[in-house]
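Colleague: One structure, as C-alpha cells, below. Some questions next.
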Amino acid sequence: MPVLLEVKNLKTYFKVYHGLVKAVDDISYHIKKKEIVGLVGESGCGKSVSQLSVLQLIPTPPGEIVAGQIIFEGQDLLQFEANGDEMRSIRGGGIAMVFQEPMTSLNPVLTIGRQLTEGLELHLGMDVNEARNRAIELLSMVGIPDADKRIDDYPHQFSGGMRQRVMIAMALSCNPKIIIADEPTTALDVTTQAQLLELMTDLVSRFNASLVIVTHNLGVIARYAQRLYVMYAGRIVESGTAKEIFGNPRHPYTIALLNCVPRLDEEEGRKLVPIEGMPPNLLNMPITCAFKPRCPYHIERCGQDPWPDLKLIEGQHYVRCYVET
Amino acid sequence: MTTYIIRRVIQSMLVLVMVTMIVFLVMRLLPGDPIYMLITEDDLIQSSEEKIAALRHEFGLDKPIPVQYINWFSAAVCGDLGVSIIHRGKVAKEIIGRLPITLHIGLLAFIISIVVGIPLGVVSAVRRGRWLDTGVTLLANLGITIPVFWLGILMIYFFALYLGILPVQGYTSPFEDFWMSTRKIIMPVFCLSVFPIASAARQTRSSMLEIMRQDYIRTAWAKGLRERLIIVRHALKNALIPVVTLKGLMFRNIIGGSVLVETVFNIPGMGRLAVDGVISHDYAIVQGIVLLIATVVLVVNLVVDLSYGWLDPRIRYG
C-alpha cells in the first residue's frame, strides 16, 4: 500500500513564560492507505500536539511548528499558510479529526444538522437540500435512530456517546483520506468505548480511509491497530507492527505500559504494575533519555550519553534504547 | 414559557409598586413645598392662608401620604398620571411631548453603541495583541472613564465655538428641518454613546476571547471553515449572552444619561423635565417619569431574559 501521509522530523515547540516546551521533538512517522495506526503515550507526551500540527491547528502563539515536513499526497502541508485556502481544503476534506471531548467539541448553539451540513457545503459544494439529505444518511450510518428528526436537535439533547457518533459522522462526511481520532473514547464509559471503536473502524474501512487512533490505553487499540508508535516526552521511543510490539516489546516504557493493562489470557491474581514516578516536565529537558528516572533497566550509559536514535530490531520494529531488553 | 412570562409580569408589578412608593415618599421628605414654589411664581404678596389651603386641597396634598399614594397609584393604573403642580397641565401629556426628543437621541445612541461597539470588540479579540487591539482597548478604557458632561462641554467649546461647524445647543425636530436637526444632535448622540460603545467593546472582546478558546471552535477550524464564518456563526452567538445582558442594562442609560446630556446641550427632553421637576418639587411630574423609567427597565429586562433562550437553546424557561 502506498504511503499517504509522511511526517518527517516534526518539531512543535511552545514558548511559555519560563522557557521552551518541546512538546513534539523531532518525530517522524508515516501512514499508509487504508491503514489503522495507533499512537500511544501518556498525557502530555505530545501525541495530541503532533496530530494537531498535521492540520496546523496549534494555537500560535504560544505554539509553533519549528521544523519538519508533513507530506500529504505529494504536498508539504507546512508550506501552506495556516488558515489559507489550501490548508482549509485539506482540513475536513483530506484529513479530518475526531476530538477527545464530545461534550465540548460540538457547538452548543447550532443544531447537529447545521454543524454537519456546513462541511458538506464547503468541501463537496452541495446545496442546502443535498447536504441535509446526506447529513441524515450519515447520522443513520453512525447509528443514530430517527436521524431525520434528530438532525434538528441541539448537542445538549444528545448523550456523550451519541455526540461522539455525531463527531464521527462529521469527520467522515467529506470523504477524507485520513481520520485522526484524538482519544476518541477516553471520555466515554467502557461499553460505549467498544461500540464506538467498532463503528469507527468499520466505517473507516467502508470509506477506504486510513485511521490514526491516538490513545494512552494500549488495550483500546490492541485489537484494531495494524501498526503502533509509542511516544514518550515528545519523541517516538518504539514503533512497529502491532504483532512486533505486543509480541516482543523492547523499550522499557512499552514494557511498563503493557504491564499496566489487564489481559484476559493471563493467570489470575497478577497485580497490575503501575509505572513508578511522574512523566517528565517537558520544560528544560536533559539531553539524556527522558525515561531514565523511571526506568528499572537503566544502565550507566543512559545517564551520560544523549538519547539514542531509533534503531532497527527486525522487520518494521524500531526502538530508541541502549538497553538490550 | 407563557407561565414564565406571566410570573415575571406579576413580579414586575410588585417592583413597580415599591419603586413608586419609595419615590413618592422621598419627594415628600425633601425640604421645600411645591405650593410655595407655585405661589412664588404667581403673587407672593396677595396670597393668604386660605388660598394656600385651597391650593393644597386642589392637588390633594392635604390628605395623609398613604391616601395620596393610593389615589395617585389607582389613577396611574388607569393611565392618569395626575396634573403638574407647576405647569398645571396633564403629566401624561407633558411626558409624551418630551419623550420623542429623548428617544430620538437615546435610541440613536443605543443603536450606534451596538453597531460600533460589538464589531470593535470582535475585531479586537480576533486581532488580540496587535496594534488594532491595543488601540481599541485604550479607547474603550478612555470611553468608560470620561464623564459625559465634561466631554459635552469640551465638544461644545471645540466644534461649536472654536471651529464653528456645529450648533452650540438646542433641539430641532427632524420633521421640521432634518438637516438642522441632525447637525444639532451629533454632539449629544456622540456623548451619550461613548460609554455604551466602550463597555460593549470591552465586554464583547473578553467574551470572544473566552469563546475562541473553546473546543468547538477548534472543531470548526478542523472542518476547514473560513475565519470569518467561524467568528460569525460559531463564536459570536455564543459570546453574545453577556453582551446582551450589558446592553439591557445600558438601555436604562438612554434615559438616565439623557439627564446630563440634555442639561449640557439644553435639549427640552424628558431628562430636563425630570430635573426641573425635582428642583421645583413637582411631585406628579417626577412620579410619572420614574414610573415610566421603571416600566421601561422592567420590560427591557424581561426581553433580555427571553433573548437568552433564542441565543442559547440550552436555556429553558419554567
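Letters A, B, ... go to the chains of the C-alpha cells in the order shown; residues in each chain start at 1; ligands are counted from 1 in the same order.
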For chain B, list the residues within 7 Å of chain A, counting only C-alpha atoms, and write the list as a PDB file with C-alpha atoms, in the first residue's frame.
Modeller:
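Result went into iface36.pdb, see below:
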ATOM      1  CA  ASP B 215     -13.139  23.042  21.920  1.00  0.00           C
ATOM      2  CA  TYR B 216     -15.966  23.561  19.448  1.00  0.00           C
ATOM      3  CA  THR B 219     -13.676  21.623  15.732  1.00  0.00           C
ATOM      4  CA  ALA B 222     -10.652  21.422  11.800  1.00  0.00           C
ATOM      5  CA  LYS B 223     -13.571  21.418   9.362  1.00  0.00           C
ATOM      6  CA  GLY B 224     -11.749  23.907   7.183  1.00  0.00           C
ATOM      7  CA  LEU B 225     -14.172  26.787   7.652  1.00  0.00           C
ATOM      8  CA  HIS B 234     -19.654  29.677  15.691  1.00  0.00           C
ATOM      9  CA  ASN B 238     -22.042  32.068  21.986  1.00  0.00           C
ATOM     10  CA  LEU B 311     -29.255  32.742  21.715  1.00  0.00           C
ATOM     11  CA  ASP B 312     -28.653  29.536  23.643  1.00  0.00           C
ATOM     12  CA  PRO B 313     -31.025  26.610  23.071  1.00  0.00           C
ATOM     13  CA  ARG B 314     -29.929  25.033  26.353  1.00  0.00           C
TER      14      ARG B 314
END
Colleague: Considering only C-alpha atoms, return as a PyMOL selection string whatever protein or nucleic-acid residues lie within 8 Å of stretch 68-83 of chain B, sequence-local ones (same chain, fewer than 4 positions apart) excluded.
Modeller: chain B and resi 21+24+60-61+63-64+88-92+284-285+288
Colleague: Hey, what does DSSP flag as alpha helix (DSSP H) within stretch 84-186 of chain B? Can you give it to me as an MDAnalysis selection string?
Modeller: chainID B and resid 91:126 131:145 148:155 178:186
Colleague: Using only C-alpha atoms, determine which residues lie at most 8 Å from stretch 227-229 of chain A, disregarding the query and same-chain residues fewer than 6 positions distant; provide the list as a list of chain:residue names.
Modeller: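 Listing them by chain and then by number gives A:Ile36, A:Val37, A:Gly38, A:Leu39, A:Val40, A:Ile236, A:Val237, A:Glu238, A:Ser239, A:Gly240, A:Thr241, A:Ala242, A:Ile245.
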Colleague: Find the distance between atom CA of A:Leu138 and atom CA of A:Gly113 and write it in Å to one decimal.
Modeller: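 Distance reported for this atom pair: 10.5 Å.
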Colleague: Neighbours of stretch 188-202 of chain A within 9 Å (only C-alpha atoms; same-chain residues fewer than 6 positions away dropped), as a ChimeraX atom specification?
Modeller: /A:36,101-102,142-143,160-161,164-165,168,211,220-221,224
Colleague: Filtering to N, CA and C atoms, could you give me those residues as a PDB file, in the first residue's frame?
Modeller:
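Full text of again-v4.pdb as output:
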ATOM      1  N   ILE A  36      -4.728   1.265   9.768  1.00  0.00           N
ATOM      2  CA  ILE A  36      -5.110   1.769  11.088  1.00  0.00           C
ATOM      3  C   ILE A  36      -3.864   1.806  11.952  1.00  0.00           C
ATOM      4  N   GLU A 101     -13.171  15.287  23.552  1.00  0.00           N
ATOM      5  CA  GLU A 101     -14.277  15.644  24.434  1.00  0.00           C
ATOM      6  C   GLU A 101     -15.564  15.834  23.648  1.00  0.00           C
ATOM      7  N   PRO A 102     -16.411  14.812  23.559  1.00  0.00           N
ATOM      8  CA  PRO A 102     -17.643  15.001  22.794  1.00  0.00           C
ATOM      9  C   PRO A 102     -18.560  16.029  23.438  1.00  0.00           C
ATOM     10  N   VAL A 142     -24.007   6.233  11.392  1.00  0.00           N
ATOM     11  CA  VAL A 142     -23.289   6.094  12.667  1.00  0.00           C
ATOM     12  C   VAL A 142     -24.216   5.615  13.783  1.00  0.00           C
ATOM     13  N   GLY A 143     -25.431   5.219  13.407  1.00  0.00           N
ATOM     14  CA  GLY A 143     -26.288   4.556  14.383  1.00  0.00           C
ATOM     15  C   GLY A 143     -27.105   5.490  15.244  1.00  0.00           C
ATOM     16  N   GLY A 160     -23.285  11.645  25.676  1.00  0.00           N
ATOM     17  CA  GLY A 160     -21.880  11.715  25.270  1.00  0.00           C
ATOM     18  C   GLY A 160     -21.540  10.779  24.122  1.00  0.00           C
ATOM     19  N   GLY A 161     -22.009   9.538  24.220  1.00  0.00           N
ATOM     20  CA  GLY A 161     -21.721   8.554  23.173  1.00  0.00           C
ATOM     21  C   GLY A 161     -22.339   8.961  21.841  1.00  0.00           C
ATOM     22  N   GLN A 164     -20.378  11.681  20.262  1.00  0.00           N
ATOM     23  CA  GLN A 164     -19.170  11.215  19.605  1.00  0.00           C
ATOM     24  C   GLN A 164     -19.522  10.548  18.275  1.00  0.00           C
ATOM     25  N   ARG A 165     -20.686   9.920  18.211  1.00  0.00           N
ATOM     26  CA  ARG A 165     -21.140   9.376  16.921  1.00  0.00           C
ATOM     27  C   ARG A 165     -21.334  10.509  15.921  1.00  0.00           C
ATOM     28  N   ILE A 168     -18.071  11.537  14.655  1.00  0.00           N
ATOM     29  CA  ILE A 168     -17.559  10.594  13.659  1.00  0.00           C
ATOM     30  C   ILE A 168     -18.234  10.834  12.311  1.00  0.00           C
ATOM     31  N   LEU A 211      -6.912   5.414   9.379  1.00  0.00           N
ATOM     32  CA  LEU A 211      -7.329   5.889  10.701  1.00  0.00           C
ATOM     33  C   LEU A 211      -6.120   5.966  11.616  1.00  0.00           C
ATOM     34  N   VAL A 220      -6.998  -0.435  24.338  1.00  0.00           N
ATOM     35  CA  VAL A 220      -8.031   0.054  23.425  1.00  0.00           C
ATOM     36  C   VAL A 220      -7.717  -0.310  21.978  1.00  0.00           C
ATOM     37  N   ILE A 221      -6.435  -0.185  21.612  1.00  0.00           N
ATOM     38  CA  ILE A 221      -6.159  -0.332  20.192  1.00  0.00           C
ATOM     39  C   ILE A 221      -5.554  -1.675  19.828  1.00  0.00           C
ATOM     40  N   TYR A 224      -7.324  -3.304  17.030  1.00  0.00           N
ATOM     41  CA  TYR A 224      -7.598  -2.674  15.742  1.00  0.00           C
ATOM     42  C   TYR A 224      -6.358  -2.222  14.989  1.00  0.00           C
TER      43      TYR A 224
END
Colleague: Considering only C-alpha atoms, return as a ChimeraX atom specification whatever protein or nucleic-acid residues lie within 12 Å of A:Leu20, sequence-local ones (same chain, fewer than 2 positions apart) excluded.
Modeller: /A:12-18,22-25,62-64,66,281-285
Colleague: Hey, can you spit out that residue selection with C-alpha atoms as a short mmCIF file (atom, residue, chain, number, x, y, z; two decimals), in the first residue's frame?
Modeller:
data_model
loop_
_atom_site.label_atom_id
_atom_site.label_comp_id
_atom_site.auth_asym_id
_atom_site.auth_seq_id
_atom_site.Cartn_x
_atom_site.Cartn_y
_atom_site.Cartn_z
CA THR A 12 6.47 21.68 17.61
CA TYR A 13 7.59 23.93 20.45
CA PHE A 14 5.65 26.08 22.86
CA LYS A 15 7.17 29.30 24.08
CA VAL A 16 5.97 29.77 27.64
CA TYR A 17 6.90 32.26 30.31
CA HIS A 18 9.52 30.04 31.90
CA LYS A 22 9.48 20.88 23.27
CA ALA A 23 6.10 19.17 23.05
CA VAL A 24 6.98 17.36 19.84
CA ASP A 25 10.69 16.95 19.34
CA PRO A 62 2.38 30.18 22.15
CA GLY A 63 2.82 27.10 19.93
CA GLU A 64 4.93 26.98 16.82
CA VAL A 66 9.63 24.92 14.27
CA ASN A 281 8.32 18.12 32.81
CA LEU A 282 8.93 18.99 29.19
CA LEU A 283 10.47 22.28 30.21
CA ASN A 284 14.28 22.18 30.29
CA MET A 285 14.65 18.55 29.34
#
Colleague: When you count only C-alpha atoms, which of these residues is closest to B:Ser206: B:Ala125, B:Phe149, B:Asp177, B:Leu192?
Modeller: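 Among the listed residues, B:Ala125 lies closest to B:Ser206.
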Colleague: Give me the residues near A:Pro306 as a ChimeraX atom specification, where near means some atom within 8 Å (using only C-alpha atoms) and where sequence neighbours in that chain fewer than 4 positions away do not count.
Modeller: /A:287-289,302
Colleague: Those selected residues, please, written with N, CA and C atoms and delivered as a compact mmCIF listing (two decimals), in the first residue's frame.
Modeller:
# COMPACT_ATOMS: atom_id res chain seq x y z
N ILE A 287 19.43 16.14 27.86
CA ILE A 287 19.63 15.53 26.55
C ILE A 287 19.67 14.01 26.66
N THR A 288 19.80 13.52 27.88
CA THR A 288 19.80 12.06 28.06
C THR A 288 18.37 11.54 28.01
N CYS A 289 18.24 10.21 28.03
CA CYS A 289 16.93 9.57 27.92
C CYS A 289 15.96 10.10 28.97
N CYS A 302 23.01 5.33 30.14
CA CYS A 302 21.77 6.08 29.94
C CYS A 302 21.86 7.48 30.54
Colleague: Write out as a PyMOL selection string the residues lying within 7 Å of stretch 113-116 of chain B, counting only C-alpha atoms and excluding same-chain residues fewer than 4 positions away.
Modeller: chain B and resi 109+120+193+196-197
Colleague: Given the selection you just returned, output its residues as a file containing N, CA and C atoms, formatted as a short mmCIF file (atom, residue, chain, number, x, y, z; two decimals), in the first residue's frame.
Modeller:
data_model
loop_
_atom_site.label_atom_id
_atom_site.label_comp_id
_atom_site.auth_asym_id
_atom_site.auth_seq_id
_atom_site.Cartn_x
_atom_site.Cartn_y
_atom_site.Cartn_z
N ALA B 109 -28.23 56.73 19.96
CA ALA B 109 -27.00 56.42 20.70
C ALA B 109 -26.94 54.92 21.00
N LEU B 120 -16.27 46.31 17.16
CA LEU B 120 -14.96 46.72 17.68
C LEU B 120 -14.42 45.65 18.63
N SER B 193 -23.31 58.05 23.49
CA SER B 193 -22.96 56.70 23.05
C SER B 193 -21.54 56.29 23.43
N PRO B 196 -21.60 53.53 26.34
CA PRO B 196 -22.10 52.22 25.87
C PRO B 196 -21.21 51.57 24.81
N ILE B 197 -20.64 52.35 23.90
CA ILE B 197 -19.73 51.77 22.91
C ILE B 197 -18.55 51.12 23.62
#
Colleague: Which value, in Å to one decimal, gives the distance between atom CA of A:Lys177 and atom CA of A:Met1?
Modeller: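 Between atom CA of A:Lys177 and atom CA of A:Met1 the gap works out to 13.5 Å.
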Colleague: Give the answer as one residue: which of B:Leu161, B:Leu151, B:Ile241, B:Leu298 has the shortest atom-to-atom distance to B:Ile211, using only C-alpha atoms?
Modeller: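 Of all the options, B:Ile241 lies closest to B:Ile211.
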